[in-house]
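Asks: One structure, as structure tokens, below. Some questions next.
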Amino acid sequence: MRKRSAIRLFWEVVAIALSIVIFWVPFYFVIINSFKNRTESSLLNIDWPSTFHILDNYKEVLTAQDGMVIRAFWNSTLITLLSIIVLVIVCAMAGYVLQRRSDRWSGPINFLILAGLMIPPAIVPTIWVLDSIHLYKTITGIVLIETALGVSFATILYKGFMATIPREIDEAALVDGCGPVRMFFQMIFPLLMPVNSTVIVLSAVGIYNDFVNPLYFLPGAKNATIQLTLYNFTSMYNTSWNLLFADIILISLPPLILFIFFNKRIVAGMTAGAVKG
Amino acid sequence: MTKLSKHYYSYAFILPLGIIYFIFFLLPTLMSFFFSLTRWDLADWEFIGLENYVTFFSESSLTIGFRNTLIYAVVTCVLKVVLGLLLAVALTSNLRSKGYLRSVVFFPTLLSTIAVGIAFSTLMHPTQGLINQGLSYLNIVGPDWLGDTSIALLSVAFVDVWKGVGMATVIYIAGIMSIPQDYSEALQIDGGTAFDKFKHITIPLTAPAMNSVIILSFIGGLRSFDLVWAMTKGGPGFSTDLIASIIYKQYQGGFYGLATAGNVILFIGVSLLAFPLFMLLSKREVDL
């Protein structure tokens with residue numbers, strides 16, 4: 001018995017040591033370097049800083065280029081919020097009907113929606129479409145793109161969850177003379193809260209962290225999203241590493257906060273979508 | 001009931017989704033087939049047949065993208081499938097620190113790919129980088145991770161695995177947790193070892209989870225762009241250029257027809273590789 005617990009302790013220590021080397025050292029590296037002055041941070045080591053410049057660095061990041069980072073935070077927040085609102089309403093409605101109905105159309109529709117998980121978006125034709133309806137380089141445009149690229153995952157989650165809501169509820173509403181729109185929004189939608197929060201948290205992380213779509217569909221300094229600001233502090237020979245790392249920390253705070261509060265929900269949602277989808 | 005389905009489950013509910021999805025995803029995808037046959041600048045186009053495809057398949061700076069993308073997708077996929085399973089087995093064992101370990105392994109999934117890429121490209125600096133500094137304590141001269149054309153692609157793939165293995169792990173954990181306890185009890189009565197349990201219970205019964213991991217990470221690998229862009233921009237030379245980064249470069253250069261041809265090739269590649277994979281894996285799942 002003693003031997004077994006010794007072995008277990010051994011593995012326990014090995015696992016924690018590995019987690020420190022593989023995961024904590026990179027985190028620590030970024031954090032400690034965001035506290036250093038420019039010269040010390042350019043050495044790219046994990047030594048203790050000789051002097052701390054926490055406030056200076058973070059203030060400089062936030063005020064650089066007329067508060068570009070703050071504006072980018074605002075843009076990213078706006079894009080994320082708007083996309084999520086559209087996603088939740090549109091996908092909950094679609095998931096509801098797709099789960100309840102099965103006729104000759106449902107097969108092809110489900111296939112098309114599933115295809116969205118696999119097929120890479122066609123970049124330049126999308127720009128062409130946006131341009132011809134005057135939405136290129138606009139917040140509205142990027143919101144609609146993020147929505148279109150997010151519907152597959154969200155609809156699959158909604159459809160999966162909808163199966164747990166008994167049809168008797170629909171029938172009761174019908175007997176009580178409820179119209180379809182009222183039935184959905186008053187009877188069904190309030191029951192979707194668990195899956196709503198999953199969709200909201202997962203899409204928030206995905207859209208907030210998205211780099212590629214804003215790069216293509218929302219170019220221009222005025223519209224920069226938070227991911228694009230990282231390139232402000234890099235240039236080939238003259239990178240301000242301390243500021244760059246401070247920016248990385250600032251950018252990582254929202255996902256960290258979501259992670260602390262919604263860890264279980266995120267994991268549950270990701271696995272539900274993946275295992276069923 | 002018929003009244004219910006016709007009227008109450010009306011396809012009008014799908015209309016908002018349908019419109020957005022069609023205009024901003026399906027329509028551009030359909031149009032890409034046409035525009036890939038043209039030379040165009042958004043305003044004007046000129047039909048040039050298959051010329052873009054010929055260029056794509058004949059210029060070595062472009063064809064290398066196929067090879068790289070395939071290597072990248074296979075390497076990241078295999079590592080995530082194997083490491084994810086091992087981690088999941090470890091994190092469903094009786095380790096007391098498993099709650100903490102699960103969080104640590106999963107957290108990088110939520111981080112910005114660009115931020116991770118930038119941080120790791122400094123850690124992988126040939127002389128100053130922390131990785132090679134650490135290796136030098138062990139008297140090992142570390143390679144130039146991102147500067148050496150023969151390993152740069154693998155270095156980026158390694159960071160992809162660092163960031164993405166948490167996703168694979170949680171999918172496996174969900175699969176392992178859904179295995180009824182009876183099986184391992186029966187195995188224990190028959191005197192099976194931990195390895196027997198892994199081989200005869202865990203592996204076969206996590207097949208659905210494994211299928212998801214394979215498909216998700218393989219498709220993710222084929223479509224990868226942002227990590228490579230943050231770390232190497234396709235260099236040194238073209239040694240880490242993936243199809244998606246080539247598309248971006250052609251787009252930047254104003255070769256819209258060529259970029260679109262790249263998109264079509266990626267579309268066909270994903271369909272050719274991913275759909276059969278999907279079928280094959282779901283067939284295996286049924287057999288079990």
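Ordering of the structure tokens sets the chain letters (A, B, ...); residue numbers start at 1 within each chain; ligands are numbered from 1 in the order shown.
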Define the interface residues of chain A facing chain B as those within 7 Å, counting only C-alpha atoms, and report them as a PyMOL selection string.

Replies: chain A and resi 12+30+43-45+90-91+93-94+97+100-101+118-122+124-126+128-129+144-145+148+180+205+209+211-212+248+252+255+267+271+274-275

Asks: Which residues, written as JSON, numbers by chain, have at least one atom at most 9 Å from B:Asn132, with only C-alpha atoms counted and residues fewer than 4 positions away on the same chain left out?

Replies: {"B": [123, 124, 125, 126, 127, 128, 136, 137, 140, 141, 142, 143, 144]}

Asks: Go ahead and save the picked residues with N, CA and C atoms, as a CSV table (one decimal), in the first residue's frame.

Replies:
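Below is the file that was written, part.csv:
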```
chain,number,residue,atom,x,y,z
B,123,LEU,N,10.2,32.7,-27.9
B,123,LEU,CA,10.8,31.6,-27.1
B,123,LEU,C,11.6,30.7,-28.0
B,124,MET,N,11.4,30.7,-29.3
B,124,MET,CA,12.1,29.9,-30.2
B,124,MET,C,13.3,30.6,-30.9
B,125,HIS,N,13.6,31.8,-30.4
B,125,HIS,CA,14.7,32.5,-31.0
B,125,HIS,C,16.0,31.7,-30.9
B,126,PRO,N,16.8,31.6,-31.9
B,126,PRO,CA,17.9,30.6,-31.9
B,126,PRO,C,18.9,30.8,-30.8
B,127,THR,N,19.3,32.1,-30.5
B,127,THR,CA,20.3,32.3,-29.5
B,127,THR,C,19.7,32.8,-28.1
B,128,GLN,N,18.8,33.8,-28.2
B,128,GLN,CA,18.3,34.4,-27.0
B,128,GLN,C,17.1,33.6,-26.4
B,136,SER,N,20.7,24.6,-23.5
B,136,SER,CA,22.1,24.8,-23.4
B,136,SER,C,22.6,24.4,-21.9
B,137,TYR,N,21.6,24.5,-21.0
B,137,TYR,CA,22.0,24.1,-19.6
B,137,TYR,C,22.2,22.6,-19.6
B,140,ILE,N,23.0,20.9,-24.7
B,140,ILE,CA,22.5,20.6,-26.1
B,140,ILE,C,22.4,21.9,-26.8
B,141,VAL,N,22.9,21.9,-28.1
B,141,VAL,CA,22.8,23.1,-28.9
B,141,VAL,C,21.5,23.0,-29.7
B,142,GLY,N,20.6,23.8,-29.3
B,142,GLY,CA,19.3,23.8,-29.9
B,142,GLY,C,19.3,24.3,-31.3
B,143,PRO,N,18.5,23.8,-32.2
B,143,PRO,CA,18.4,24.3,-33.6
B,143,PRO,C,17.8,25.6,-33.7
B,144,ASP,N,17.9,26.2,-34.9
B,144,ASP,CA,17.2,27.5,-35.2
B,144,ASP,C,15.8,27.1,-35.6
```

Asks: Using DSSP assignments from the backbone, pull out every residue in stretch 78-277 of chain A that falls under alpha helix (DSSP H) and give it to me as a count of residues only.

Replies: 141

Asks: So that I can check the surroundings of A:Ile207, please list as a PyMOL selection string every protein, DNA and RNA residue that reaches within 8 Å of it, counting only C-alpha atoms and ignoring chain neighbours fewer than 4 positions away.

Replies: chain A and resi 79-80+146+203

Asks: How many Å separate atom CA of A:Thr225 from atom CA of B:Lys233?

Replies: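 One can read the atom CA of A:Thr225 to atom CA of B:Lys233 distance as 19.8 Å.
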
Asks: Quick one: everything within 12 Å of A:Pro219, counting only C-alpha atoms, minus sequence neighbours fewer than 4 positions away in the same chain. Send it as a list in words.

Replies: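 In the requested form, the answer reads Ile127, Tyr136, Lys137, Thr138, Ile139, Gly141, Ile142, Phe211, Val212, Asn213, Pro214, Leu215, Asn223, Ala224, Thr225 and Leu228 of chain A; Gln252 of chain B.
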
Asks: For A:Arg8, which residue out of B:Gly191, B:Ile176, B:Ser93, B:Ala207 is the nearest one, using only C-alpha atoms?

Replies: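 Result for the nearest residue to A:Arg8: B:Ser93.
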
Asks: Which distance in Å separates atom CA of A:Met193 and atom CA of B:Ile179, to one decimal?

Replies: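 Between atom CA of A:Met193 and atom CA of B:Ile179 the gap works out to 27.9 Å.
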
Asks: Report the residues of stretch 11-230 of chain B whose backbone DSSP state falls under strand (DSSP E or B), written as an NGL selection string.

Replies: :B and (38-40 or 45-47)

Asks: Would you write out those residues with C-alpha atoms, as a PDB file, in the first residue's frame?

Replies:
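To be explicit, this is the file written out as part09.pdb:
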```pdb
ATOM      1  CA  THR B  38     -10.626  34.936 -64.520  1.00  0.00           C
ATOM      2  CA  ARG B  39      -8.158  37.715 -64.057  1.00  0.00           C
ATOM      3  CA  TRP B  40     -10.050  40.331 -62.078  1.00  0.00           C
ATOM      4  CA  TRP B  45     -12.872  40.575 -64.987  1.00  0.00           C
ATOM      5  CA  GLU B  46     -11.403  38.851 -67.980  1.00  0.00           C
ATOM      6  CA  PHE B  47     -11.979  35.172 -68.667  1.00  0.00           C
TER       7      PHE B  47
END
```
